[in-house]
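K.L.:
Sharing a structure with you now.
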Amino acid sequence: MRAIWKGAVSFGLVSIAVKLYSATEEKDIRFHQVHRTDGGRIKYQRTCSVDGEVVSYDDIAKGYDVGGGEMVILTDEDFADLPLSTSRAIDVLEFVPAEQIDPILFAKSYYLEPEGQAAKPYVLLRDALRDADRVAIVKIAIRQREQLATLRVRDDVLILNTMMWPDEVRTPDFGFLDEDIETRPAELAMASSLIDSMAGSFNADDFTDNYRAALQEVIDAKVEGREVVQPEEAEEAPAAAVDLMAALKASVERAKAARSAPSEPAPPKKKATPAKKATAAKKATPARKPAKKSA
């Protein structure tokens, strides 16, 4: 892994030098846009919408649209004067219980590695967080943007989770929220029974990306020149249930049956006895045609 950021965790009067690494990576299969006939890569040029000329990176600036066709252009000097005090520091603001943080705020995860002689204070902060059963609320600046984040412990390593700001979370505005929809106690009880029948312990390794695996198989077949085998057609989605109570009850029964039914091995094939083989041979012998009578 390659460090994407270097700085220090400011923990009271203690400073812990750390490196920042991306803790996750997307496994999506990426494609390039190419010419269908010869496979050549498609390239795009940055052109100005006013004069139509090709613009180099050195001549590109940031512009803010104020509306009415007017644009405010910001230069590097404008950004240099902004109060970004945490450019090389992770400032610990407070320690809070983890359950008080709504998961919708979490954005991206990073590993923190101690640098140089910072292993001792790093382990001290890690063990203190674990014993207190709390997470640290911090501020950090990554790529010229100040972000709210948390520090927590996972597999004996400090994890930094960047967070959205509260005003970046949208408020749900859906019509059904204003409708007076009531659920019957029997329906609620049956839904709870369905949840109990499907309850389990989450293990991320139990789930796989079937689409990505099938797509990789198609690509490998193209590379090897093999015949591409079409995957089996997915089952059609069930139709919407008319009777909610009946659908819930049927779902509970099916979930319970799926869990209680043991997986039975296929029964072994019986060997044919000699007598049965002879009978089968007789049946397989075609009947002779009767001879034609002479005139």
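By order of appearance in the structure tokens: chains A, B, ..., then residues from 1 within every chain, and ligands from 1 in the order shown.
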Using only C-alpha atoms, which residues of segment 149-218 of chain A come within 10 Å of segment 23-33 of chain A, and what is the closest atom pair for each, with the distance in Å to one decimal? Give it as CSV, sorted by chain and residue number.
P.N.:
residue,atom,partner,partner_atom,distance
A:Ile159,CA,A:Ala23,CA,8.2
A:Leu160,CA,A:Ala23,CA,9.0
A:Asn161,CA,A:Ala23,CA,9.6
A:Asp209,CA,A:Lys27,CA,9.5
A:Arg212,CA,A:Asp28,CA,7.2
A:Ala213,CA,A:Ile29,CA,9.8
A:Leu215,CA,A:Ile29,CA,8.2
A:Gln216,CA,A:Ile29,CA,7.8
K.L.:
Next, the residues of the selection above should be written as a PDB file, in the first residue's frame with N, CA, C and O atoms.
P.N.:
ATOM      1  N   ILE A 159      -8.417   3.167  12.845  1.00  0.00           N
ATOM      2  CA  ILE A 159      -9.136   3.400  11.596  1.00  0.00           C
ATOM      3  C   ILE A 159      -9.699   4.817  11.626  1.00  0.00           C
ATOM      4  O   ILE A 159     -10.324   5.225  12.602  1.00  0.00           O
ATOM      5  N   LEU A 160      -9.466   5.564  10.561  1.00  0.00           N
ATOM      6  CA  LEU A 160     -10.055   6.888  10.418  1.00  0.00           C
ATOM      7  C   LEU A 160     -11.193   6.802   9.411  1.00  0.00           C
ATOM      8  O   LEU A 160     -10.977   6.392   8.268  1.00  0.00           O
ATOM      9  N   ASN A 161     -12.399   7.162   9.843  1.00  0.00           N
ATOM     10  CA  ASN A 161     -13.571   7.180   8.966  1.00  0.00           C
ATOM     11  C   ASN A 161     -13.981   8.623   8.726  1.00  0.00           C
ATOM     12  O   ASN A 161     -14.417   9.307   9.653  1.00  0.00           O
ATOM     13  N   ASP A 209     -20.112 -11.003  -5.105  1.00  0.00           N
ATOM     14  CA  ASP A 209     -20.609 -10.201  -6.219  1.00  0.00           C
ATOM     15  C   ASP A 209     -20.753 -11.125  -7.428  1.00  0.00           C
ATOM     16  O   ASP A 209     -19.804 -11.333  -8.191  1.00  0.00           O
ATOM     17  N   ARG A 212     -20.129  -9.456 -10.960  1.00  0.00           N
ATOM     18  CA  ARG A 212     -18.731  -9.216 -11.310  1.00  0.00           C
ATOM     19  C   ARG A 212     -18.037 -10.519 -11.694  1.00  0.00           C
ATOM     20  O   ARG A 212     -17.232 -10.562 -12.623  1.00  0.00           O
ATOM     21  N   ALA A 213     -18.359 -11.612 -10.975  1.00  0.00           N
ATOM     22  CA  ALA A 213     -17.757 -12.896 -11.307  1.00  0.00           C
ATOM     23  C   ALA A 213     -18.174 -13.365 -12.695  1.00  0.00           C
ATOM     24  O   ALA A 213     -17.366 -13.872 -13.473  1.00  0.00           O
ATOM     25  N   LEU A 215     -19.189 -11.425 -15.175  1.00  0.00           N
ATOM     26  CA  LEU A 215     -18.585 -10.524 -16.155  1.00  0.00           C
ATOM     27  C   LEU A 215     -17.114 -10.863 -16.375  1.00  0.00           C
ATOM     28  O   LEU A 215     -16.624 -10.840 -17.508  1.00  0.00           O
ATOM     29  N   GLN A 216     -16.404 -11.225 -15.306  1.00  0.00           N
ATOM     30  CA  GLN A 216     -15.004 -11.620 -15.447  1.00  0.00           C
ATOM     31  C   GLN A 216     -14.877 -12.897 -16.264  1.00  0.00           C
ATOM     32  O   GLN A 216     -13.942 -13.068 -17.044  1.00  0.00           O
TER      33      GLN A 216
END
K.L.:
Applying 10 Å and only C-alpha atoms, which residues near Gly116 of chain A remain after dropping the ones on its own chain fewer than 3 positions away? List them as a list of chain:residue names.
P.N.:
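The residues satisfying every condition are A:Ile16, A:Ala17, A:Val18, A:Glu113, A:Ala119.
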K.L.:
Looking only at the backbone, which of the residues in segment 117-259 of chain A does DSSP tag as alpha helix (DSSP H), as a PyMOL selection string?
P.N.:
chain A and resi 119-132+185-197+210-224+244-259
K.L.:
From the options A:Leu125, A:Ala118, A:Ala246, A:Leu105, which residue's atoms come nearest to Val153 of chain A, counting only C-alpha atoms?
P.N.:
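Smallest separation from Val153 of chain A among the options: A:Leu125.
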